[in-house]
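Reproduced below: coords_14.csv, with CSV, C-alpha atoms.
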```csv
chain,number,residue,atom,x,y,z
A,1,MET,CA,32.1,21.0,-35.6
A,2,SER,CA,35.2,22.0,-33.7
A,3,ARG,CA,37.1,23.2,-36.8
A,4,VAL,CA,34.3,25.5,-38.1
A,5,PRO,CA,35.4,29.2,-38.1
A,6,PHE,CA,33.5,31.3,-35.6
A,7,TYR,CA,31.7,33.5,-38.0
A,8,LEU,CA,30.1,30.4,-39.6
A,9,LYS,CA,29.3,28.9,-36.2
A,10,GLU,CA,26.5,31.2,-35.3
A,11,ARG,CA,24.9,30.8,-38.8
A,12,LEU,CA,25.1,27.0,-38.4
A,13,GLU,CA,23.5,27.2,-34.9
A,14,GLU,CA,20.7,29.3,-36.4
A,15,VAL,CA,20.1,26.7,-39.2
A,16,ARG,CA,19.9,23.8,-36.8
A,17,ARG,CA,17.5,25.7,-34.5
A,18,ARG,CA,15.3,26.4,-37.5
A,19,VAL,CA,15.3,22.7,-38.5
A,20,LEU,CA,14.4,21.6,-35.0
A,21,PHE,CA,11.6,24.2,-34.9
A,22,GLU,CA,10.3,23.0,-38.3
A,23,THR,CA,10.4,19.3,-37.4
A,24,TYR,CA,9.1,19.4,-33.8
A,25,GLU,CA,7.5,22.6,-32.7
A,26,VAL,CA,5.0,23.0,-35.5
A,27,GLN,CA,3.2,19.7,-35.2
A,28,LYS,CA,1.7,20.1,-31.8
A,29,LEU,CA,-1.7,18.7,-31.0
A,30,PRO,CA,-4.8,20.9,-31.4
A,31,ARG,CA,-6.1,22.6,-28.3
A,32,TRP,CA,-9.3,20.5,-27.7
A,33,GLU,CA,-7.3,17.3,-27.8
A,34,ARG,CA,-4.9,18.6,-25.2
A,35,ILE,CA,-7.8,19.7,-23.0
A,36,THR,CA,-9.4,16.3,-23.4
A,37,PHE,CA,-6.2,14.4,-22.5
A,38,THR,CA,-5.6,16.5,-19.4
A,39,TRP,CA,-9.2,16.1,-18.4
A,40,LEU,CA,-9.1,12.3,-18.7
A,41,VAL,CA,-5.9,12.1,-16.5
A,42,LEU,CA,-7.3,14.4,-13.8
A,43,PHE,CA,-10.7,12.8,-13.8
A,44,SER,CA,-9.3,9.2,-13.4
A,45,PHE,CA,-7.1,10.4,-10.6
A,46,TRP,CA,-10.2,12.0,-8.9
A,47,ILE,CA,-12.2,8.7,-9.1
A,48,VAL,CA,-9.3,6.7,-7.7
A,49,ILE,CA,-8.6,9.1,-4.8
A,50,SER,CA,-12.2,9.8,-3.8
A,51,GLY,CA,-13.3,6.2,-4.0
A,52,ASN,CA,-17.1,6.3,-4.1
A,53,LEU,CA,-19.2,6.1,-7.3
A,54,SER,CA,-22.3,8.2,-6.3
A,55,LEU,CA,-23.7,10.5,-9.0
A,56,GLU,CA,-23.1,13.9,-7.5
A,57,ASN,CA,-19.5,13.0,-6.6
A,58,ILE,CA,-18.7,12.1,-10.2
A,59,PHE,CA,-20.5,15.2,-11.4
A,60,ALA,CA,-18.5,17.5,-9.1
A,61,GLY,CA,-15.3,15.8,-10.1
A,62,ALA,CA,-15.9,16.2,-13.8
A,63,LEU,CA,-16.9,19.8,-13.5
A,64,SER,CA,-13.9,20.8,-11.3
A,65,SER,CA,-11.3,18.9,-13.4
A,66,LEU,CA,-12.8,20.4,-16.6
A,67,ILE,CA,-12.3,23.9,-15.1
A,68,ILE,CA,-8.7,23.1,-14.1
A,69,SER,CA,-7.9,21.5,-17.4
A,70,SER,CA,-9.3,24.4,-19.5
A,71,PHE,CA,-6.5,26.7,-18.4
A,72,MET,CA,-3.7,24.2,-17.4
A,73,TYR,CA,-3.7,22.2,-20.6
A,74,ASP,CA,-0.2,23.2,-21.5
A,75,MET,CA,1.7,21.7,-18.6
A,76,LEU,CA,1.1,18.0,-19.1
A,77,THR,CA,0.9,17.6,-22.9
A,78,ASP,CA,3.7,20.0,-23.9
A,79,ASP,CA,5.9,17.2,-25.3
A,80,ILE,CA,3.4,15.1,-27.2
A,81,ARG,CA,3.7,15.4,-31.0
A,82,ALA,CA,1.1,14.5,-33.5
A,83,SER,CA,2.4,11.5,-35.5
A,84,GLY,CA,-0.1,8.9,-36.8
A,85,HIS,CA,-3.2,8.0,-34.9
A,86,LEU,CA,-3.1,9.0,-31.3
A,87,ILE,CA,-5.5,6.3,-29.9
A,88,GLU,CA,-3.6,3.4,-31.6
A,89,LYS,CA,-0.4,4.8,-30.2
A,90,ILE,CA,-1.7,5.1,-26.7
A,91,ILE,CA,-3.0,1.5,-26.8
A,92,TYR,CA,0.3,0.2,-28.2
A,93,ILE,CA,2.3,2.0,-25.5
A,94,ALA,CA,0.0,0.9,-22.6
A,95,LEU,CA,-0.1,-2.8,-23.7
A,96,PHE,CA,3.4,-3.4,-25.0
A,97,LEU,CA,6.0,-0.8,-24.0
A,98,VAL,CA,5.0,-0.1,-20.3
A,99,PRO,CA,5.1,-3.8,-19.2
A,100,GLN,CA,8.5,-4.1,-20.9
A,101,TYR,CA,9.8,-1.1,-19.0
A,102,LEU,CA,8.5,-2.4,-15.7
A,103,PHE,CA,10.0,-5.8,-16.3
A,104,ILE,CA,13.4,-4.2,-16.9
A,105,MET,CA,13.2,-1.8,-14.0
A,106,ILE,CA,12.1,-4.3,-11.3
A,107,PHE,CA,15.2,-6.5,-11.7
A,108,ARG,CA,17.5,-3.5,-11.8
A,109,LEU,CA,15.9,-2.1,-8.6
A,110,LEU,CA,16.5,-5.4,-6.8
A,111,GLU,CA,20.1,-5.6,-8.0
A,112,SER,CA,20.8,-2.0,-6.9
A,113,ASN,CA,19.3,-2.7,-3.5
A,114,PHE,CA,21.5,-5.6,-2.8
A,115,ARG,CA,24.6,-3.9,-4.3
A,116,VAL,CA,24.1,-0.9,-2.0
A,117,ALA,CA,23.7,-3.3,1.0
A,118,LYS,CA,27.0,-4.9,0.0
A,119,HIS,CA,28.7,-1.6,-0.2
A,120,ALA,CA,27.3,-0.5,3.1
A,121,ILE,CA,28.7,-3.6,4.8
A,122,LEU,CA,32.1,-3.8,3.2
A,123,LEU,CA,32.8,0.0,2.4
A,124,ASP,CA,34.7,-0.8,-0.8
A,125,ILE,CA,33.7,2.3,-2.8
A,126,ASN,CA,35.7,4.3,-5.4
A,127,PRO,CA,33.4,7.2,-6.3
A,128,GLY,CA,33.6,9.7,-9.1
A,129,ILE,CA,31.5,12.1,-11.2
A,130,VAL,CA,31.5,11.3,-15.0
A,131,LYS,CA,29.7,13.0,-17.9
A,132,ILE,CA,27.7,11.1,-20.4
A,133,ARG,CA,25.8,12.0,-23.6
A,134,SER,CA,22.1,11.5,-24.3
A,135,ASP,CA,20.2,11.7,-27.6
A,136,LEU,CA,16.9,12.8,-26.2
A,137,HIS,CA,15.6,16.4,-26.5
A,138,SER,CA,12.3,16.6,-24.7
A,139,ASP,CA,11.9,17.5,-21.0
A,140,THR,CA,9.7,14.6,-20.2
A,141,GLY,CA,12.1,12.0,-21.8
A,142,LEU,CA,15.1,13.5,-20.0
A,143,THR,CA,13.3,13.4,-16.6
A,144,ILE,CA,12.3,9.8,-17.0
A,145,LEU,CA,15.9,8.9,-18.2
A,146,ALA,CA,17.4,10.7,-15.1
A,147,ASN,CA,15.0,9.0,-12.7
A,148,SER,CA,15.8,5.6,-14.3
A,149,ILE,CA,19.5,6.2,-14.0
A,150,THR,CA,19.0,7.1,-10.4
A,151,LEU,CA,17.3,3.8,-9.7
A,152,THR,CA,19.8,1.6,-11.6
A,153,PRO,CA,22.7,0.1,-9.6
A,154,GLY,CA,25.5,2.4,-8.5
A,155,THR,CA,24.6,5.6,-10.2
A,156,LEU,CA,23.0,9.0,-9.3
A,157,THR,CA,22.2,11.9,-11.6
A,158,ILE,CA,23.4,15.3,-10.4
A,159,ASP,CA,22.8,17.8,-13.2
A,160,VAL,CA,21.6,18.1,-16.7
A,161,ASP,CA,23.2,20.3,-19.3
A,162,LYS,CA,20.7,20.8,-22.1
A,163,LYS,CA,22.0,22.3,-25.4
A,164,LEU,CA,20.3,22.6,-28.7
A,165,GLY,CA,21.0,19.3,-30.4
A,166,GLU,CA,22.3,17.1,-27.5
A,167,ALA,CA,22.0,16.8,-23.8
A,168,TYR,CA,24.7,15.9,-21.3
A,169,LEU,CA,24.1,14.2,-17.9
A,170,TYR,CA,26.5,14.4,-14.9
A,171,VAL,CA,26.4,11.1,-13.1
A,172,HIS,CA,27.9,10.3,-9.6
A,173,TRP,CA,29.2,6.7,-9.9
A,174,LEU,CA,30.0,4.5,-6.9
A,175,ASN,CA,32.6,2.4,-8.7
A,176,VAL,CA,34.3,4.2,-11.5
A,177,GLU,CA,35.3,1.7,-14.2
A,178,THR,CA,36.0,3.8,-17.3
A,179,LEU,CA,36.4,7.5,-18.1
A,180,ASP,CA,35.6,7.1,-21.8
A,181,ARG,CA,32.3,8.8,-22.6
A,182,GLU,CA,30.9,6.2,-25.0
A,183,LYS,CA,31.8,3.2,-22.8
A,184,ALA,CA,30.6,4.9,-19.7
A,185,GLY,CA,27.3,5.9,-21.4
A,186,TYR,CA,26.8,2.4,-22.6
A,187,LYS,CA,27.4,0.9,-19.1
A,188,ILE,CA,25.2,3.4,-17.3
A,189,LYS,CA,22.3,3.8,-19.6
A,190,GLY,CA,22.1,0.2,-20.9
A,191,ASP,CA,19.0,-0.6,-22.9
A,192,ILE,CA,16.8,2.1,-21.2
A,193,GLU,CA,17.6,4.7,-23.8
A,194,GLU,CA,16.7,2.5,-26.7
A,195,TRP,CA,13.4,1.9,-25.0
A,196,LEU,CA,12.8,5.6,-24.4
A,197,LYS,CA,13.5,6.6,-28.0
A,198,LYS,CA,10.5,4.7,-29.1
A,199,ILE,CA,8.1,7.0,-27.3
A,200,PHE,CA,9.8,10.4,-26.6
A,201,TRP,CA,11.7,12.5,-29.1
B,202,MET,CA,-12.4,-6.9,13.7
B,203,VAL,CA,-9.9,-4.6,15.4
B,204,GLU,CA,-7.0,-6.3,17.0
B,205,GLU,CA,-6.0,-4.9,20.4
B,206,ASN,CA,-2.5,-6.1,20.5
B,207,LEU,CA,-0.1,-4.9,17.8
B,208,LEU,CA,2.3,-7.8,18.0
B,209,VAL,CA,0.1,-10.7,17.0
B,210,ASN,CA,0.6,-9.8,13.3
B,211,PRO,CA,3.9,-9.8,11.3
B,212,PHE,CA,2.8,-6.4,10.0
B,213,GLY,CA,2.8,-5.1,13.6
B,214,TRP,CA,6.4,-6.3,14.0
B,215,GLY,CA,7.2,-4.3,10.8
B,216,VAL,CA,5.8,-1.2,12.5
B,217,ILE,CA,8.1,-1.7,15.5
B,218,LEU,CA,11.2,-2.3,13.3
B,219,LEU,CA,10.5,0.7,11.2
B,220,LEU,CA,10.1,2.9,14.3
B,221,ILE,CA,13.5,1.7,15.5
B,222,THR,CA,15.2,2.4,12.2
B,223,ALA,CA,13.6,5.9,12.0
B,224,SER,CA,14.9,6.7,15.5
B,225,LEU,CA,18.4,5.6,14.4
B,226,VAL,CA,18.3,7.8,11.3
B,227,SER,CA,17.4,10.8,13.5
B,228,TYR,CA,21.0,10.7,14.6
B,229,ARG,CA,21.9,12.0,11.2
B,230,VAL,CA,19.2,14.8,11.5
B,231,LEU,CA,20.5,15.9,14.9
B,232,PHE,CA,24.3,15.7,14.5
B,233,GLY,CA,24.8,15.9,10.7
B,234,PRO,CA,27.9,17.9,9.8
B,235,THR,CA,26.2,20.0,7.1
B,236,LEU,CA,22.8,21.1,6.1
B,237,ALA,CA,22.5,18.6,3.2
B,238,ASP,CA,23.0,15.7,5.6
B,239,ARG,CA,20.1,16.9,7.8
B,240,MET,CA,17.9,17.2,4.7
B,241,VAL,CA,18.8,13.6,3.6
B,242,GLY,CA,17.9,12.3,7.1
B,243,LEU,CA,14.6,14.2,7.1
B,244,ASN,CA,13.6,12.8,3.7
B,245,THR,CA,14.4,9.3,4.9
B,246,VAL,CA,12.4,9.7,8.1
B,247,THR,CA,9.4,11.0,6.3
B,248,THR,CA,9.4,8.1,3.8
B,249,LYS,CA,9.5,5.7,6.7
B,250,ILE,CA,6.6,7.5,8.4
B,251,VAL,CA,4.5,7.3,5.3
B,252,VAL,CA,5.1,3.5,5.2
B,253,ILE,CA,4.2,3.3,9.0
B,254,ILE,CA,0.9,5.2,8.3
B,255,ALA,CA,0.0,2.8,5.5
B,256,LEU,CA,0.7,-0.2,7.8
B,257,LEU,CA,-1.4,1.2,10.6
B,258,SER,CA,-4.3,1.9,8.3
B,259,VAL,CA,-4.4,-1.8,7.5
B,260,LEU,CA,-3.9,-2.9,11.1
B,261,LEU,CA,-6.6,-0.6,12.6
B,262,GLU,CA,-8.9,-0.9,9.5
B,263,ALA,CA,-9.1,2.9,9.3
B,264,TYR,CA,-8.6,3.5,5.6
B,265,PHE,CA,-9.0,7.3,5.7
B,266,LEU,CA,-5.3,7.3,6.9
B,267,LEU,CA,-4.2,6.5,3.3
B,268,ASP,CA,-5.2,10.0,2.2
B,269,ILE,CA,-3.1,11.5,5.0
B,270,ALA,CA,-0.2,9.3,3.8
B,271,ILE,CA,-0.5,10.6,0.2
B,272,VAL,CA,-0.7,14.3,1.4
B,273,LEU,CA,2.3,13.8,3.6
B,274,LEU,CA,4.3,12.4,0.7
B,275,MET,CA,3.4,15.4,-1.5
B,276,VAL,CA,4.3,17.9,1.3
B,277,ASN,CA,7.7,16.0,1.6
B,278,ALA,CA,8.4,16.5,-2.1
B,279,VAL,CA,7.5,20.2,-2.0
B,280,SER,CA,9.6,20.9,1.2
B,281,GLY,CA,12.6,19.1,-0.3
B,282,LEU,CA,12.4,21.1,-3.5
B,283,ILE,CA,12.1,24.4,-1.6
B,284,LEU,CA,15.1,23.6,0.7
B,285,ALA,CA,17.2,22.5,-2.3
B,286,LYS,CA,16.4,25.8,-4.0
B,287,TYR,CA,17.3,27.7,-0.9
B,288,MET,CA,20.7,26.0,-0.7
B,289,GLU,CA,21.3,26.6,-4.4
B,290,VAL,CA,20.7,30.4,-4.1
B,291,ARG,CA,22.4,30.9,-0.6
B,292,ARG,CA,26.0,29.8,-1.4
C,293,MET,CA,1.8,-16.5,1.8
C,294,ILE,CA,3.7,-14.4,-0.7
C,295,GLU,CA,2.8,-11.2,1.1
C,296,TYR,CA,5.0,-12.1,4.1
C,297,PHE,CA,7.9,-12.7,1.7
C,298,PHE,CA,7.4,-9.2,0.2
C,299,LEU,CA,7.2,-7.7,3.7
C,300,ALA,CA,10.4,-9.4,4.9
C,301,LEU,CA,12.2,-8.3,1.7
C,302,GLY,CA,11.1,-4.7,2.3
C,303,LEU,CA,12.1,-4.6,6.0
C,304,LEU,CA,15.5,-6.1,5.2
C,305,VAL,CA,16.1,-3.5,2.5
C,306,MET,CA,15.0,-0.7,4.9
C,307,VAL,CA,17.4,-1.9,7.6
C,308,PHE,CA,20.3,-1.9,5.1
C,309,SER,CA,19.3,1.7,4.1
C,310,THR,CA,19.7,2.7,7.7
C,311,LEU,CA,23.1,1.0,7.9
C,312,GLY,CA,24.2,2.8,4.7
C,313,ILE,CA,23.0,6.3,5.8
C,314,LEU,CA,24.9,5.9,9.1
C,315,ARG,CA,28.2,4.5,7.6
C,316,PHE,CA,28.9,6.2,4.3
C,317,PRO,CA,31.5,9.1,4.3
C,318,ASP,CA,29.9,12.0,2.5
C,319,VAL,CA,26.5,13.4,1.3
C,320,TYR,CA,26.4,12.0,-2.2
C,321,THR,CA,27.1,8.4,-1.2
C,322,ARG,CA,24.5,8.7,1.6
C,323,LEU,CA,22.1,9.8,-1.1
C,324,HIS,CA,22.8,6.6,-2.9
C,325,ALA,CA,21.8,4.6,0.1
C,326,THR,CA,18.6,6.5,1.0
C,327,THR,CA,17.1,6.9,-2.5
C,328,LYS,CA,17.6,3.4,-3.8
C,329,CYS,CA,16.9,1.4,-0.7
C,330,ASP,CA,14.0,3.5,0.5
C,331,THR,CA,12.3,3.4,-2.8
C,332,GLY,CA,12.7,-0.4,-3.2
C,333,GLY,CA,11.7,-1.2,0.4
C,334,ALA,CA,8.6,1.1,0.4
C,335,MET,CA,7.4,-0.2,-3.0
C,336,SER,CA,7.8,-3.8,-1.7
C,337,ILE,CA,5.8,-3.2,1.5
C,338,MET,CA,3.1,-1.4,-0.5
C,339,ILE,CA,2.7,-4.4,-2.8
C,340,ALA,CA,2.6,-6.7,0.2
C,341,LEU,CA,-0.2,-4.6,1.7
C,342,ALA,CA,-2.2,-4.5,-1.5
C,343,ILE,CA,-2.1,-8.3,-1.6
C,344,TYR,CA,-2.9,-8.7,2.1
C,345,VAL,CA,-5.8,-6.3,2.6
C,346,ASP,CA,-9.4,-7.6,2.2
C,347,ALA,CA,-11.3,-4.5,1.2
C,348,SER,CA,-12.8,-3.0,-1.9
C,349,PHE,CA,-11.0,-2.5,-5.2
C,350,PHE,CA,-10.4,1.2,-4.8
C,351,ILE,CA,-8.4,0.7,-1.6
C,352,LYS,CA,-6.1,-1.8,-3.2
C,353,LEU,CA,-5.7,0.6,-6.1
C,354,LYS,CA,-4.8,3.4,-3.6
C,355,PHE,CA,-1.8,1.4,-2.3
C,356,LEU,CA,-0.5,1.0,-5.9
C,357,ILE,CA,-1.0,4.8,-6.4
C,358,LEU,CA,1.1,5.4,-3.2
C,359,ALA,CA,3.9,3.1,-4.6
C,360,PHE,CA,3.8,4.9,-7.9
C,361,LEU,CA,4.1,8.3,-6.2
C,362,ILE,CA,7.0,7.1,-4.1
C,363,ALA,CA,8.8,5.9,-7.2
C,364,LEU,CA,8.2,9.2,-8.9
C,365,ILE,CA,9.0,11.6,-6.1
C,366,ASN,CA,11.9,10.0,-4.3
C,367,PRO,CA,14.6,10.2,-7.1
C,368,MET,CA,13.4,13.7,-8.0
C,369,VAL,CA,14.0,15.0,-4.5
C,370,SER,CA,17.4,13.2,-4.3
C,371,HIS,CA,18.4,14.8,-7.6
C,372,ALA,CA,17.4,18.3,-6.3
C,373,VAL,CA,19.3,17.8,-3.0
C,374,ALA,CA,22.5,16.6,-4.8
C,375,ARG,CA,22.5,19.6,-7.1
C,376,GLY,CA,21.8,22.1,-4.3
C,377,ALA,CA,24.5,20.6,-2.1
C,378,TYR,CA,27.0,20.9,-4.9
C,379,LYS,CA,26.0,24.6,-5.5
C,380,TYR,CA,26.1,25.2,-1.8
C,381,GLY,CA,29.9,24.4,-1.7
C,382,ILE,CA,30.1,20.9,-0.3
C,383,LYS,CA,33.1,19.2,-2.0
C,384,PRO,CA,32.6,15.5,-2.8
C,385,LYS,CA,35.4,13.0,-1.9
C,386,VAL,CA,35.9,11.6,-5.4
C,387,VAL,CA,38.7,10.4,-7.7
C,388,VAL,CA,37.5,12.3,-10.8
C,389,ASP,CA,35.2,15.3,-10.9
C,390,MET,CA,34.0,16.2,-14.3
C,391,TYR,CA,31.4,18.6,-13.0
C,392,ALA,CA,34.0,20.9,-11.6
C,393,TRP,CA,35.9,21.0,-14.9
C,394,ASP,CA,32.9,22.4,-16.7
C,395,ASN,CA,31.6,24.8,-14.0
C,396,PRO,CA,34.6,26.4,-12.3
```
Any chance you could put this one into structure tokens?
Amino acid sequence: MSRVPFYLKERLEEVRRRVLFETYEVQKLPRWERITFTWLVLFSFWIVISGNLSLENIFAGALSSLIISSFMYDMLTDDIRASGHLIEKIIYIALFLVPQYLFIMIFRLLESNFRVAKHAILLDINPGIVKIRSDLHSDTGLTILANSITLTPGTLTIDVDKKLGEAYLYVHWLNVETLDREKAGYKIKGDIEEWLKKIFW
Amino acid sequence: MVEENLLVNPFGWGVILLLITASLVSYRVLFGPTLADRMVGLNTVTTKIVVIIALLSVLLEAYFLLDIAIVLLMVNAVSGLILAKYMEVRR
Amino acid sequence: MIEYFFLALGLLVMVFSTLGILRFPDVYTRLHATTKCDTGGAMSIMIALAIYVDASFFIKLKFLILAFLIALINPMVSHAVARGAYKYGIKPKVVVDMYAWDNP
């Protein structure tokens, strides 16, 4: 990629953008499925927050969340792509993948708490800002990856540089061990990114 | 049953300890060297206040306070984002 | 009995967060202390309260919603504050700074 002449580079970028558009942007969900998905999320949130199950309360919640979701359907479901049956996929994610993610993140959060406590007592820090590479493209996947990196021990995401094919994360690290991009990415991300690749694109 | 004294329960001791730590963090809000230090201190104090409200709603058995805690958490998020955007533009 | 264990763990983590925010040298390392320890301690105390309280099912669910919102909002605000502080001109005390190489 670095040895390509400059007049071919723009053409190559255009071809890659076209391929990404063909593979991802075309197969969005139809509109009524997006409206139904947004309505389900908003209505379940209404029931949990309001907390009583009388009839007029449920009717008012359904009506107001339907009005909101009829013109805000594009914010929540922008990154969902149609691949296979949607309901089977949602059941598989909720029953198998989300408990796996919680089981990973709880122990990482405990370890990061005690490591920060150790650093606060002893003050043996050696900080630095390194740059790692990520394979995800979508906004939701990058957000969840950045939040997971922030909660894992010793790292804090500062900025995201999102280009066409790949995305780069700038990470503030409390104890810099390597400067190599691949080794640092493997040490920081761990097995979270392999988990996230199963859901997001 | 509403308990009159706060200190008969371990959760009441938690309220006292969280108040002491919040008043210690307010040193960073008052004398922080830069603007970002004050924002970090304010964010920490607000998270501790949310936890204190949730503890008090159990101790006093007044569960409407949980809605106030959720609203305070959302206001904290919006104010943090607005101040960060202000610092980014201001230079 | 297990709720008192969760409460003690959360309070211990909160105290270490206060120690970290008072002792660390610059903004970014203070952000490490506040975001990790506050998120872990608040979630632990919320789980302890959801086990302890004897009320209806929706109120227990509300505590878990509060823990989920804390885990969602707190890293996001810390990320925004770190980026804003770097753009504002606060230099970090680090050994290597790859962010300054790419954005001079």
Query - Selection as number ranges by chain: residues within 12 Å of (-9.8, 24.9, -17.0), counting all atoms listed in the file - result: A: 32, 34-36, 38-39, 42, 62-74
**Report entry** Atomic separation - CA of Arg108 (chain A) relative to CA of Asp330 (chain C), Å
**Finding:**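 According to the coordinates, CA of Asp330 (chain C) and CA of Arg108 (chain A) are separated by 14.6 Å.
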Query raised in the report: Quick one: distance from CA of Thr178 (chain A) to CA of Ile132 (chain A) in Å, one decimal?
Result: 11.5 Å
Requested in this report: Identify all chain C residues at most 8 Å from chain B by counting all atoms listed in the file; ligands do not count. Present them as a ChimeraX atom specification.
Outcome: /C:296,299,303,306-307,310,313-314,319,322-323,326,330,334,337-338,341,345,351,354-355,358,362,365-366,369,372-373,375-377,379-381
Within 8 Å of chain A, which residues of chain C show up? Give each one with its shortest atom-to-atom distance in Å (one decimal) and the two atoms involved, counting all atoms listed in the file, rows by chain then rising residue number, as a tab-separated table.
```
residue	atom	partner	partner_atom	distance
C:Val305	CA	A:Asn113	CA	6.8
C:Phe308	CA	A:Ala117	CA	5.5
C:Ser309	CA	A:Ala117	CA	7.3
C:Leu311	CA	A:Ala120	CA	6.6
C:Gly312	CA	A:Ala120	CA	4.8
C:Arg315	CA	A:Ala120	CA	6.8
C:Phe316	CA	A:Ala120	CA	7.0
C:Tyr320	CA	A:His172	CA	7.7
C:Thr321	CA	A:Leu174	CA	7.5
C:His324	CA	A:Leu156	CA	6.8
C:Ala325	CA	A:Val116	CA	6.3
C:Thr327	CA	A:Leu151	CA	7.8
C:Lys328	CA	A:Leu151	CA	5.9
C:Cys329	CA	A:Asn113	CA	5.5
C:Gly332	CA	A:Leu109	CA	6.5
C:Phe350	CA	A:Gly51	CA	5.8
C:Ile351	CA	A:Gly51	CA	7.7
C:Leu353	CA	A:Val48	CA	7.3
C:Lys354	CA	A:Val48	CA	6.9
C:Leu364	CA	A:Asn147	CA	7.8
C:Pro367	CA	A:Asn147	CA	5.7
C:Met368	CA	A:Asn147	CA	6.8
C:His371	CA	A:Ile158	CA	5.8
C:Ala372	CA	A:Ile158	CA	7.9
C:Ala374	CA	A:Ile158	CA	5.8
C:Arg375	CA	A:Ile158	CA	5.5
C:Lys385	CA	A:Pro127	CA	7.5
C:Val386	CA	A:Gly128	CA	4.8
C:Val387	CA	A:Gly128	CA	5.3
C:Val388	CA	A:Gly128	CA	5.0
C:Asp389	CA	A:Ile129	CA	4.9
C:Met390	CA	A:Val130	CA	5.5
C:Tyr391	CA	A:Tyr170	CA	6.7
```
Query - Atomic separation - CA of Ala340 (chain C) relative to CA of Ile294 (chain C), Å - result: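 Separation of CA of Ile294 (chain C) and CA of Ala340 (chain C): 7.8 Å.
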Contacts of Lys197 (chain A) at 9 Å or less, counting all atoms listed in the file, minus same-chain residues fewer than 4 places along, as a PDB file with C-alpha atoms, keeping the file's coordinate frame?
```pdb
ATOM      1  CA  ASP A 135      20.200  11.700 -27.600  1.00  0.00           C
ATOM      2  CA  LEU A 136      16.900  12.800 -26.200  1.00  0.00           C
ATOM      3  CA  GLY A 141      12.100  12.000 -21.800  1.00  0.00           C
ATOM      4  CA  ILE A 192      16.800   2.100 -21.200  1.00  0.00           C
ATOM      5  CA  GLU A 193      17.600   4.700 -23.800  1.00  0.00           C
ATOM      6  CA  TRP A 201      11.700  12.500 -29.100  1.00  0.00           C
TER       7      TRP A 201
END
```
Query raised in the report: For chain A, which residue out of B:Val230, B:Ala263, B:Leu220, B:Val272 is the nearest one, using all atoms listed in the file?
Result: B:Val272
